[in-house]
Structure formats: C-alpha cells, structure tokens
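What follows is the content of my_file_21.txt, which has compact mmCIF, C-alpha atoms:
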```
# COMPACT_ATOMS: atom_id res chain seq x y z
CA MET Q 1 -139.57 24.96 -4.80
CA HIS Q 2 -137.23 22.26 -5.90
CA SER Q 3 -134.15 21.46 -3.80
CA ALA Q 4 -130.81 21.73 -5.45
CA THR Q 5 -128.84 18.58 -5.98
CA SER Q 6 -125.28 18.72 -4.60
CA VAL Q 7 -122.76 17.91 -7.32
CA ARG Q 8 -118.94 17.71 -6.80
CA CYS Q 9 -116.98 19.19 -9.69
CA PRO Q 10 -113.33 18.78 -10.65
CA TYR Q 11 -110.69 21.20 -9.40
CA GLY Q 12 -109.64 22.57 -12.79
CA VAL Q 13 -111.00 25.95 -13.83
CA ALA Q 14 -112.31 24.91 -17.25
CA GLU Q 15 -113.64 21.64 -15.94
CA ARG Q 16 -115.32 23.42 -13.06
CA LEU Q 17 -117.07 25.80 -15.41
CA LEU Q 18 -118.30 23.03 -17.64
CA CYS Q 19 -119.43 21.03 -14.67
CA LYS Q 20 -121.42 23.87 -13.21
CA GLU Q 21 -122.94 24.58 -16.52
CA SER Q 22 -124.04 21.02 -16.94
CA PHE Q 23 -125.53 20.63 -13.52
CA LEU Q 24 -127.58 23.79 -13.13
CA PRO Q 25 -130.75 23.22 -11.18
CA MET Q 26 -133.53 22.04 -13.19
CA ARG Q 27 -135.65 24.85 -11.77
CA MET Q 28 -133.33 27.41 -13.14
CA LYS Q 29 -133.26 25.76 -16.50
CA SER Q 30 -136.92 25.72 -16.67
CA THR Q 31 -137.38 29.29 -15.73
CA PHE Q 32 -134.82 30.74 -18.12
CA THR Q 33 -134.19 29.24 -21.46
CA PRO Q 34 -131.72 31.20 -23.51
CA PRO Q 35 -131.92 31.08 -27.21
CA VAL Q 36 -130.23 28.09 -28.89
CA ARG Q 37 -127.74 30.21 -30.86
CA GLN Q 38 -126.64 32.04 -27.78
CA VAL Q 39 -126.09 28.82 -25.84
CA SER Q 40 -124.02 27.24 -28.57
CA LEU Q 41 -121.83 30.29 -28.85
CA ARG Q 42 -121.20 30.33 -25.12
CA ARG Q 43 -120.23 26.71 -25.12
CA SER Q 44 -117.81 27.24 -27.96
CA VAL Q 45 -116.18 30.10 -26.13
CA LEU Q 46 -115.88 28.02 -23.00
CA ARG Q 47 -114.34 25.12 -24.85
CA LEU Q 48 -111.85 27.47 -26.52
CA LEU Q 49 -110.94 28.95 -23.15
CA ALA Q 50 -110.59 25.46 -21.73
CA LEU Q 51 -108.25 24.46 -24.55
CA CYS Q 52 -106.18 27.62 -24.08
CA LEU Q 53 -105.97 27.04 -20.37
CA GLY Q 54 -104.94 23.42 -20.96
CA ALA Q 55 -102.27 24.46 -23.41
CA MET Q 56 -101.03 27.04 -20.95
CA LEU Q 57 -100.98 24.49 -18.16
CA VAL Q 58 -98.97 22.05 -20.30
CA ALA Q 59 -96.50 24.78 -21.30
CA GLY Q 60 -96.21 25.92 -17.69
CA CYS Q 61 -95.38 22.40 -16.53
CA GLY Q 62 -92.58 22.18 -19.08
CA LEU Q 63 -91.05 25.42 -17.91
CA LEU Q 64 -91.26 24.39 -14.31
CA SER Q 65 -89.47 21.10 -15.00
CA GLY Q 66 -86.38 22.98 -16.38
CA THR Q 67 -86.17 20.98 -19.56
CA GLU Q 68 -86.44 22.28 -23.04
CA ALA Q 69 -87.53 20.36 -25.98
CA THR Q 70 -84.71 20.23 -28.44
CA SER Q 71 -85.16 19.61 -32.05
CA THR Q 72 -83.52 16.50 -33.42
CA PRO Q 73 -80.93 17.60 -35.99
CA THR Q 74 -81.36 16.22 -39.40
CA ARG Q 75 -78.24 14.38 -40.65
CA ALA Q 76 -76.97 15.90 -43.84
CA MET Q 77 -76.29 13.62 -46.68
CA VAL Q 78 -72.52 13.44 -47.49
CA ALA Q 79 -71.03 11.59 -50.38
CA VAL Q 80 -68.49 9.03 -49.12
CA VAL Q 81 -65.30 8.89 -51.19
CA PRO Q 82 -62.97 5.96 -50.26
CA THR Q 83 -59.29 6.85 -49.55
CA PHE Q 84 -56.30 4.58 -49.57
CA THR Q 85 -53.81 4.98 -46.69
CA SER Q 86 -50.61 2.96 -46.16
CA THR Q 87 -50.93 0.87 -43.02
CA PRO Q 88 -47.72 0.35 -40.94
CA GLU Q 89 -46.94 -3.07 -39.64
CA GLY Q 90 -48.75 -3.84 -36.43
CA ALA Q 91 -51.60 -1.27 -37.09
CA MET Q 92 -55.24 -2.28 -37.26
CA ALA Q 93 -56.48 -3.06 -40.78
CA PRO Q 94 -59.37 -0.88 -42.05
CA GLN Q 95 -62.86 -2.36 -41.53
CA THR Q 96 -65.88 -1.90 -43.80
CA SER Q 97 -69.10 -0.76 -42.18
CA GLY Q 98 -72.41 -2.18 -43.14
CA GLY Q 99 -73.11 0.75 -45.49
CA GLY Q 100 -70.02 0.00 -47.58
CA ALA Q 101 -67.92 2.88 -46.21
CA THR Q 102 -64.40 2.17 -45.10
CA THR Q 103 -63.57 3.10 -41.52
CA GLN Q 104 -60.03 3.43 -40.25
CA GLN Q 105 -59.50 2.29 -36.66
CA THR Q 106 -56.78 4.33 -35.07
CA ALA Q 107 -54.20 2.27 -33.16
CA PRO Q 108 -52.86 3.60 -29.88
CA ALA Q 109 -49.99 6.09 -30.14
CA ALA Q 110 -47.49 3.62 -28.74
CA ALA Q 111 -48.59 1.01 -31.27
CA GLN Q 112 -48.34 3.52 -34.16
CA GLN Q 113 -44.62 4.03 -33.44
CA GLN Q 114 -42.56 1.64 -35.45
CA ALA Q 115 -40.99 -1.02 -33.21
CA PRO Q 116 -37.17 -1.21 -33.40
CA ALA Q 117 -35.82 -3.87 -35.64
CA ALA Q 118 -34.84 -6.98 -33.73
CA THR Q 119 -31.10 -7.66 -33.59
CA ASP Q 120 -29.46 -11.00 -33.37
CA THR Q 121 -28.15 -11.81 -29.88
CA PRO Q 122 -24.53 -12.93 -30.19
CA ALA Q 123 -23.94 -16.44 -29.09
CA PRO Q 124 -22.05 -16.70 -25.75
CA THR Q 125 -18.36 -17.33 -26.11
CA ASP Q 126 -16.18 -19.34 -23.74
CA THR Q 127 -13.78 -17.44 -21.45
CA PRO Q 128 -10.28 -18.03 -22.79
CA VAL Q 129 -8.23 -20.29 -20.57
CA PRO Q 130 -4.60 -19.12 -20.08
CA THR Q 131 -2.11 -21.53 -21.54
CA VAL Q 132 1.20 -19.88 -20.70
CA ALA Q 133 2.79 -18.16 -17.71
CA ARG Q 134 4.26 -14.70 -18.10
CA PHE Q 135 6.49 -12.43 -16.06
CA THR Q 136 6.81 -8.66 -15.88
CA VAL Q 137 10.04 -7.09 -14.69
CA LYS Q 138 9.25 -5.10 -11.55
CA THR Q 139 8.93 -1.36 -12.08
CA ASP Q 140 10.07 -0.34 -8.59
CA LEU Q 141 13.60 -1.67 -8.92
CA THR Q 142 16.49 0.67 -8.26
CA ALA Q 143 18.30 -0.30 -11.45
CA ALA Q 144 16.71 0.53 -14.80
CA ASN Q 145 17.83 -2.82 -16.27
CA VAL Q 146 18.39 -6.29 -14.84
CA ASN Q 147 20.80 -8.96 -16.00
CA VAL Q 148 19.84 -11.99 -18.04
CA ARG Q 149 22.16 -15.00 -17.81
CA THR Q 150 22.77 -18.18 -19.72
CA GLY Q 151 21.73 -20.31 -16.73
CA PRO Q 152 19.98 -20.22 -13.35
CA SER Q 153 22.85 -18.87 -11.29
CA THR Q 154 25.11 -15.87 -11.03
CA ALA Q 155 27.91 -18.25 -11.97
CA PHE Q 156 26.64 -18.14 -15.58
CA ALA Q 157 27.66 -15.48 -18.05
CA ILE Q 158 25.49 -12.42 -18.70
CA ILE Q 159 24.01 -12.38 -22.22
CA GLY Q 160 22.12 -9.08 -21.93
CA THR Q 161 19.65 -7.07 -19.91
CA VAL Q 162 15.91 -6.34 -19.88
CA SER Q 163 14.32 -3.09 -18.72
CA ARG Q 164 11.76 -2.50 -15.99
CA GLY Q 165 8.21 -3.33 -17.12
CA ALA Q 166 9.33 -5.75 -19.89
CA GLN Q 167 7.13 -8.86 -20.33
CA PHE Q 168 8.08 -12.34 -21.52
CA ASP Q 169 6.51 -15.80 -21.64
CA ILE Q 170 8.06 -18.23 -19.17
CA SER Q 171 9.27 -21.48 -20.71
CA GLY Q 172 10.56 -23.14 -17.54
CA ARG Q 173 12.11 -22.87 -14.09
CA ASN Q 174 14.91 -24.43 -12.09
CA GLN Q 175 14.50 -26.98 -9.31
CA GLU Q 176 14.56 -24.38 -6.55
CA TYR Q 177 11.97 -22.14 -8.29
CA THR Q 178 14.39 -19.22 -8.00
CA TRP Q 179 15.13 -18.61 -11.71
CA PHE Q 180 12.85 -18.47 -14.77
CA GLN Q 181 13.76 -19.44 -18.31
CA PHE Q 182 12.42 -17.38 -21.24
CA CYS Q 183 13.13 -16.46 -24.81
CA CYS Q 184 14.89 -14.46 -25.99
CA VAL Q 185 17.62 -11.91 -25.35
CA ALA Q 186 20.23 -11.30 -28.01
CA GLY Q 187 18.77 -14.31 -29.84
CA GLN Q 188 19.42 -16.66 -26.92
CA THR Q 189 17.30 -18.34 -24.28
CA GLY Q 190 17.98 -16.58 -21.00
CA TRP Q 191 17.38 -16.91 -17.29
CA ILE Q 192 16.21 -14.18 -14.89
CA PHE Q 193 16.17 -14.15 -11.09
CA SER Q 194 12.64 -14.68 -9.71
CA ASN Q 195 12.85 -11.89 -7.11
CA LEU Q 196 13.12 -9.32 -9.91
CA VAL Q 197 9.79 -10.12 -11.63
CA ASN Q 198 6.03 -10.44 -11.03
CA VAL Q 199 4.47 -13.65 -12.40
CA GLU Q 200 1.06 -14.33 -13.97
CA ASN Q 201 -0.39 -17.87 -14.12
CA ALA Q 202 2.39 -19.29 -11.97
CA HIS Q 203 0.61 -22.66 -11.82
CA LEU Q 204 1.51 -23.18 -15.48
CA ILE Q 205 5.26 -22.96 -14.88
CA THR Q 206 6.97 -26.30 -15.32
CA LEU Q 207 10.48 -27.52 -14.72
CA ALA Q 208 12.76 -26.59 -17.61
CA GLN Q 209 13.92 -29.54 -19.69
CA ASN Q 210 17.31 -28.16 -20.62
CA ILE Q 211 18.80 -26.70 -17.46
CA PRO Q 212 22.51 -26.14 -18.08
CA ALA Q 213 24.99 -27.45 -15.56
CA THR Q 214 26.48 -24.88 -13.23
CA PRO Q 215 29.94 -24.04 -14.49
CA VAL Q 216 32.79 -24.94 -12.21
CA PRO Q 217 35.18 -22.05 -11.83
CA PRO Q 218 38.72 -22.96 -12.75
CA THR Q 219 40.94 -23.84 -9.87
CA PRO Q 220 43.46 -21.07 -9.49
CA THR Q 221 47.08 -22.09 -9.64
CA PRO Q 222 48.33 -21.87 -6.10
CA VAL Q 223 50.94 -19.25 -5.62
CA PRO Q 224 53.68 -20.45 -3.34
CA PRO Q 225 53.88 -18.26 -0.28
CA THR Q 226 56.72 -15.89 -0.10
CA PRO Q 227 59.11 -17.32 2.41
CA VAL Q 228 59.35 -15.18 5.49
CA PRO Q 229 62.89 -15.10 6.73
CA ALA Q 230 63.27 -16.28 10.23
CA PRO Q 231 63.89 -13.47 12.61
CA VAL Q 232 67.55 -12.95 13.07
CA HIS Q 233 68.38 -13.08 16.68
CA VAL Q 234 70.75 -10.31 17.45
CA ASP Q 235 72.89 -10.99 20.41
CA HIS Q 236 73.36 -7.57 21.82
CA CYS Q 237 75.59 -9.03 24.49
CA ALA Q 238 78.02 -10.73 22.15
CA GLY Q 239 81.58 -9.83 22.86
CA ILE Q 240 80.83 -8.55 26.32
CA GLY Q 241 83.11 -10.26 28.78
CA GLY Q 242 82.89 -10.68 32.50
CA ASP Q 243 79.38 -10.70 33.93
CA GLY Q 244 77.85 -8.62 31.10
CA CYS Q 245 74.18 -9.15 30.09
CA LYS Q 246 73.30 -10.75 33.37
CA PHE Q 247 69.79 -9.13 33.77
CA ARG Q 248 66.51 -10.45 32.33
CA LEU Q 249 63.09 -8.87 32.53
CA ARG Q 250 61.07 -11.00 34.91
CA ASN Q 251 57.89 -9.00 35.69
CA THR Q 252 55.92 -6.26 33.93
CA ASP Q 253 52.87 -4.76 35.69
CA PRO Q 254 51.27 -1.80 33.85
CA ALA Q 255 48.61 0.32 35.55
CA ASP Q 256 46.30 3.21 34.57
CA ASN Q 257 47.49 6.59 35.78
CA GLY Q 258 45.34 8.81 33.53
CA GLY Q 259 47.82 8.75 30.64
CA GLY Q 260 49.30 12.15 31.37
CA GLU Q 261 52.81 10.78 31.89
CA LEU Q 262 54.94 7.68 31.56
CA LYS Q 263 56.38 6.61 34.91
CA LEU Q 264 58.76 3.65 35.29
CA LEU Q 265 59.34 2.04 38.72
CA ILE Q 266 62.12 -0.60 38.38
CA GLY Q 267 63.58 -3.06 40.82
CA PHE Q 268 67.04 -4.51 40.05
CA VAL Q 269 67.23 -7.66 42.21
CA HIS Q 270 69.32 -10.75 42.76
CA GLY Q 271 66.97 -13.69 42.58
CA GLY Q 272 69.52 -16.09 44.02
CA ARG Q 273 69.59 -14.02 47.18
CA GLY Q 274 65.85 -13.76 47.82
CA ASP Q 275 65.26 -10.82 45.47
CA GLU Q 276 67.82 -8.69 47.18
CA PRO Q 277 67.66 -5.16 45.74
CA GLN Q 278 70.92 -4.19 44.00
CA VAL Q 279 71.04 -0.67 45.30
CA HIS Q 280 74.78 -0.12 44.84
CA GLY Q 281 75.17 -1.08 41.22
CA GLY Q 282 74.24 2.27 39.70
CA TYR Q 283 72.09 0.53 37.04
CA PHE Q 284 69.98 2.49 34.58
CA VAL Q 285 67.88 1.79 31.43
CA GLU Q 286 67.41 3.04 27.89
CA LEU Q 287 63.97 3.10 26.27
CA GLN Q 288 62.45 3.26 22.77
CA LYS Q 289 58.79 3.67 21.77
CA ASN Q 290 57.82 2.19 18.41
CA GLY Q 291 61.53 2.22 17.48
CA VAL Q 292 62.08 5.88 18.45
CA GLN Q 293 64.37 6.80 21.29
CA VAL Q 294 62.62 8.19 24.37
CA HIS Q 295 64.74 10.97 25.83
CA GLY Q 296 64.96 11.13 29.59
CA PHE Q 297 65.63 7.44 30.26
CA ASP Q 298 69.42 7.29 30.18
CA HIS Q 299 72.51 7.32 32.38
CA HIS Q 300 71.40 10.53 34.01
CA THR Q 301 68.84 8.54 36.00
CA ARG Q 302 70.15 5.59 38.00
CA GLY Q 303 68.73 3.29 40.58
CA GLY Q 304 69.11 4.69 44.09
CA THR Q 305 69.12 3.30 47.57
CA ASN Q 306 65.54 4.25 48.46
CA VAL Q 307 63.50 1.03 48.13
CA ILE Q 308 59.67 1.20 47.95
CA GLU Q 309 56.83 -1.33 48.04
CA GLY Q 310 55.17 -2.43 44.77
CA PRO Q 311 53.23 -5.25 43.13
CA ARG Q 312 56.21 -7.67 43.64
CA GLY Q 313 57.15 -6.53 47.08
CA LYS Q 314 59.57 -3.98 48.47
CA VAL Q 315 62.12 -4.20 45.69
CA TYR Q 316 61.72 -1.06 43.58
CA HIS Q 317 64.43 1.60 43.78
CA TYR Q 318 64.42 3.20 40.27
CA ASP Q 319 61.89 5.99 39.66
CA LYS Q 320 61.67 8.10 36.48
CA SER Q 321 58.79 10.01 34.76
CA VAL Q 322 58.35 11.91 31.47
CA SER Q 323 55.25 13.72 30.24
CA ALA Q 324 53.09 12.14 27.55
CA SER Q 325 53.68 15.13 25.29
CA SER Q 326 57.42 14.29 25.29
CA LEU Q 327 56.77 10.79 24.01
CA PRO Q 328 56.63 9.85 20.31
CA GLY Q 329 53.01 10.24 19.24
CA GLY Q 330 52.20 12.49 22.21
CA ASN Q 331 50.64 9.72 24.32
CA VAL Q 332 51.61 6.76 26.50
CA ALA Q 333 50.06 3.99 24.38
CA GLY Q 334 52.44 1.98 22.21
CA THR Q 335 55.10 -0.76 22.11
CA TYR Q 336 58.27 -0.17 24.06
CA THR Q 337 61.77 -1.70 23.95
CA ILE Q 338 63.94 -1.53 27.09
CA TRP Q 339 67.42 -2.78 28.12
CA VAL Q 340 69.71 -2.41 31.16
CA LYS Q 341 73.12 -0.84 31.40
CA ASP Q 342 75.53 -1.05 34.31
CA GLY Q 343 77.24 1.76 36.14
CA ASN Q 344 79.97 1.87 33.48
CA GLY Q 345 77.39 2.41 30.75
CA GLU Q 346 77.87 -1.04 29.27
CA ARG Q 347 74.91 -3.16 28.17
CA ASP Q 348 73.89 -5.52 30.89
CA SER Q 349 70.77 -7.21 29.25
CA GLN Q 350 69.15 -8.15 25.99
CA ASN Q 351 66.31 -6.09 24.59
CA PHE Q 352 62.85 -6.69 26.12
CA ASN Q 353 59.48 -5.48 24.84
CA PHE Q 354 56.21 -4.54 26.53
CA THR Q 355 53.06 -2.84 25.26
CA LEU Q 356 50.87 -0.22 26.91
CA HIS Q 357 47.22 0.54 26.06
CA GLY Q 358 45.07 3.58 26.63
CA ASN Q 359 46.09 5.41 29.76
CA GLN Q 360 48.45 2.78 31.15
CA GLY Q 361 51.18 5.24 32.04
CA LEU Q 362 52.42 3.55 35.25
CA VAL Q 363 54.73 0.55 34.73
CA TRP Q 364 56.31 -1.67 37.45
CA LEU Q 365 59.32 -3.67 36.16
CA VAL Q 366 61.57 -6.23 37.88
CA PHE Q 367 64.96 -7.15 36.37
CA ASP Q 368 66.53 -10.25 37.87
CA GLN Q 369 70.27 -10.96 37.52
CA ASN Q 370 70.02 -14.59 38.64
```
What does the file become when written as structure tokens?
Amino acid sequence: MHSATSVRCPYGVAERLLCKESFLPMRMKSTFTPPVRQVSLRRSVLRLLALCLGAMLVAGCGLLSGTEATSTPTRAMVAVVPTFTSTPEGAMAPQTSGGGATTQQTAPAAAQQQAPAATDTPAPTDTPVPTVARFTVKTDLTAANVNVRTGPSTAFAIIGTVSRGAQFDISGRNQEYTWFQFCCVAGQTGWIFSNLVNVENAHLITLAQNIPATPVPPTPTPVPPTPVPAPVHVDHCAGIGGDGCKFRLRNTDPADNGGGELKLLIGFVHGGRGDEPQVHGGYFVELQKNGVQVHGFDHHTRGGTNVIEGPRGKVYHYDKSVSASSLPGGNVAGTYTIWVKDGNGERDSQNFNFTLHGNQGLVWLVFDQN
C-alpha cells in the first residue's frame, strides 16, 4: 500500500478543488481510471465554476469597498459660433484658446462697474489779505441813530446821522484814536466817535492826513453887569432928640428848645456901669419875621425888675414867648428884625437882624446903651 504524499493547497475554494484533483494519490489513480470524455467534462465544469467564483469574489470586493464604477460621460460635439461683445474700459480682453474658440474672462464685479470720471482738482488759492479797516455802528445803543460830524470833536457841526448796524470803511483817525474818519454822509467826509462803533482790522487804521482844526467858539460880547445900588442906610433914629437910639444889640445866643415856641430873654444893660440892668426904664421890643410883623412883642410886654442868670451873666429881665403856630410860616426858623423902644413908645435903637435855624426857639439877647 502506497503512502499518501502530503500536499498543501491554496485557501481559495476553486484553487483547492483543482489542487486536490491534481494531487490525488497515485494509488487511487491507478485503481480507478475514468473515461477520458468524462474527465474532460468535469474539468471544464470546475474551471467554469472557478471563473464564476472569481468573478463573484471580484464583484463582492467592489461592493464592500463602497465605490461604484461610474461611466465616463462622452462629451457631445457642439459647434462653436464666435460672438462679439463690447468690452468696457478696464475689463479683461477676450483670449483665444488653443482650439480657436474665443473665451471671455469675466472681470470681478467691482472692476466691471465703470469708474467715476476723474475731475480736475482746483488749484489752491491764496487767502485774501484785508487791505482796509471797517467799522460797524453798535447795535445795542440806546439811540437808533448816531451823529456824524465834520471833524473829530463835538465842537464840529453835525452833517448827518448813521443808523445802528451801518458799516463803512475807515479812512483815518485822529491823534488820540478817539474819532474815525470815513466817507460819506450827505456827500461829505465825516467823523464818528470811536465808542459808538466796533472795528475790524484796526491795525490798518492810519492817522488821517486832513484833520480839520478844532473851531474856536466866538468870544461872547461881555455884558456889563447891572449895577446893584448900594443899600440905602435908613436912619430910623433921625430926628429923635435927647438920648434917643442909645441901645445897640451886643449879644445874640440862640438855643434849641424843640421849636414849639419862640422865647426871647433880653437884658437891657448899661455897659459903662458894669452891665448894670436897666430895670426901671420900661423898655420893650418890636419884632418882624421875614418882614412880617410878629404879634405879641410890643408895648404890652416890658422889661421887669426880676433879673435872671443867662449866657452873659445875671442881666436878663425881659421874658416873652409866643407859640410857633402864631409865627409867620408856622415855625421858629427864619430871619428876624428887632428894635428897642423906650417907656414912652419912642424908638430907642436901630434895626438889628438875627437868624434862627431848625428848632432854635430860645434866644438870649443883650442890648447895651453905652
């Protein structure tokens, strides 16, 4: 008995069958020999099966890989007809391909928009330099119009007026820079006071070349003063014989008493005898205020014998009072005229004046007969 030879066959099914068929033990081959036709038919069947299995294996691998075989499309033949298209400025010019066809390259959308036409940039101009000063009449003035004069002073005549907000070129100024010259008002060159205007470009103002001289006002003809007649001295004592008009007013001492009354305290003295009070003469006074007689100071009130102390000593012995309402004007203030009469009612002094102010209603008087 022959030993079988160990043969290793491939792993594929068809290959394994072919391999086993080819390597059958020689013993078996010798014992059974099939007919030639039958063997050839079997081999053909096996080869066909092997081919089918191989085709199936190849198809199965394609399915497992997830890819499908796609047929390559056949490019259809198209007749190329050239077209003519207007090309805007800045767009790409058409290019010709190797096959003779014209291809149009599309420019970007921004490039296809027509660029704005360039404009000429104006040449820079120089800033104008002011050549003249101007003034504007102030708008906040009280008066609606201001005076314009023939010269830089109020001594010059007025030639017209200009209204608030009016503007004029300044042609000059005066030395003091207080008046401006300009043209024109009523056809004449005028001058306006600087405080009434606002000025532009003041550095361009120059001294006027034709400043008129300030007019000198005419000297008025002096009027001779009206001669004032000298006061006529009236001698109230003229024609009085004997010792008439022997008293003179020596002292006047007014004092404030509230102004409710006028009170006279009078001393009639003899200066040659050491201011001896003349208590036995029966002297009295008459009184006027601002030229109006004051009633109450008359012969009904005479100096008595009761002597009292006062500013000039113990010499006063006449005492008389009247209310302020009884006086002219209803008050004690004013200018008074007083004179002395003797016991016979004859004038015994010239007129004397004194003035009282405010509430000076108390008056001390000394008449001296020396």
Discussion item. One number please: atom CA of Q:Ile211 to atom CA of Q:Arg164, in Å, one decimal.
Written reply: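 Answer for the atom CA of Q:Ile211 to atom CA of Q:Arg164 separation: 25.2 Å.
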Practice prompt. Pick out the closest residue to Q:Arg302 from this set: Q:Val137, Q:Val279, Q:Ala55, Q:Leu287. Count only C-alpha atoms.
Written response: Q:Val279
Selection near Q:Thr189, 10 Å with all atoms listed in the file, sequence-local residues under 2 positions removed, as an mmCIF file with C-alpha atoms, in the frame of the given file:
```
data_model
loop_
_atom_site.group_PDB
_atom_site.id
_atom_site.type_symbol
_atom_site.label_atom_id
_atom_site.label_comp_id
_atom_site.auth_asym_id
_atom_site.auth_seq_id
_atom_site.Cartn_x
_atom_site.Cartn_y
_atom_site.Cartn_z
ATOM 1 C CA VAL Q 148 19.840 -11.990 -18.040
ATOM 2 C CA ARG Q 149 22.160 -15.000 -17.810
ATOM 3 C CA THR Q 150 22.770 -18.180 -19.720
ATOM 4 C CA GLY Q 151 21.730 -20.310 -16.730
ATOM 5 C CA ILE Q 159 24.010 -12.380 -22.220
ATOM 6 C CA SER Q 171 9.270 -21.480 -20.710
ATOM 7 C CA GLN Q 181 13.760 -19.440 -18.310
ATOM 8 C CA PHE Q 182 12.420 -17.380 -21.240
ATOM 9 C CA CYS Q 183 13.130 -16.460 -24.810
ATOM 10 C CA CYS Q 184 14.890 -14.460 -25.990
ATOM 11 C CA VAL Q 185 17.620 -11.910 -25.350
ATOM 12 C CA ALA Q 186 20.230 -11.300 -28.010
ATOM 13 C CA GLY Q 187 18.770 -14.310 -29.840
ATOM 14 C CA TRP Q 191 17.380 -16.910 -17.290
#
```
Practice prompt. Grab the atom CA of Q:Ser194 to atom CA of Q:Pro128 distance for me, in Å with one decimal place.
Written response: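 A separation of 26.6 Å between them.
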Set out as JSON lines a contact list for stretch 224-296 of chain Q and stretch 315-325 of chain Q with a cut-off of 6 Å, giving each residue of stretch 224-296 of chain Q that qualifies its closest atom pair and distance in Å to one decimal, counting all atoms listed in the file, ordered by chain and rising residue number.
```
{"residue": "Q:Gly260", "atom": "CA", "partner": "Q:Ala324", "partner_atom": "CA", "distance": 5.4}
{"residue": "Q:Glu261", "atom": "CA", "partner": "Q:Ser323", "partner_atom": "CA", "distance": 4.2}
{"residue": "Q:Leu262", "atom": "CA", "partner": "Q:Val322", "partner_atom": "CA", "distance": 5.4}
{"residue": "Q:Lys263", "atom": "CA", "partner": "Q:Ser321", "partner_atom": "CA", "distance": 4.2}
{"residue": "Q:Leu264", "atom": "CA", "partner": "Q:Lys320", "partner_atom": "CA", "distance": 5.4}
{"residue": "Q:Leu265", "atom": "CA", "partner": "Q:Asp319", "partner_atom": "CA", "distance": 4.8}
{"residue": "Q:Ile266", "atom": "CA", "partner": "Q:Tyr318", "partner_atom": "CA", "distance": 4.8}
{"residue": "Q:Gly267", "atom": "CA", "partner": "Q:Tyr316", "partner_atom": "CA", "distance": 3.9}
{"residue": "Q:Pro277", "atom": "CA", "partner": "Q:Val315", "partner_atom": "CA", "distance": 5.6}
```
Discussion item. As an exercise, work out the distance from atom CA of Q:Phe156 to atom CA of Q:Gln175 in Å and give it to one decimal place.
Written reply: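 The value is 16.3 Å.
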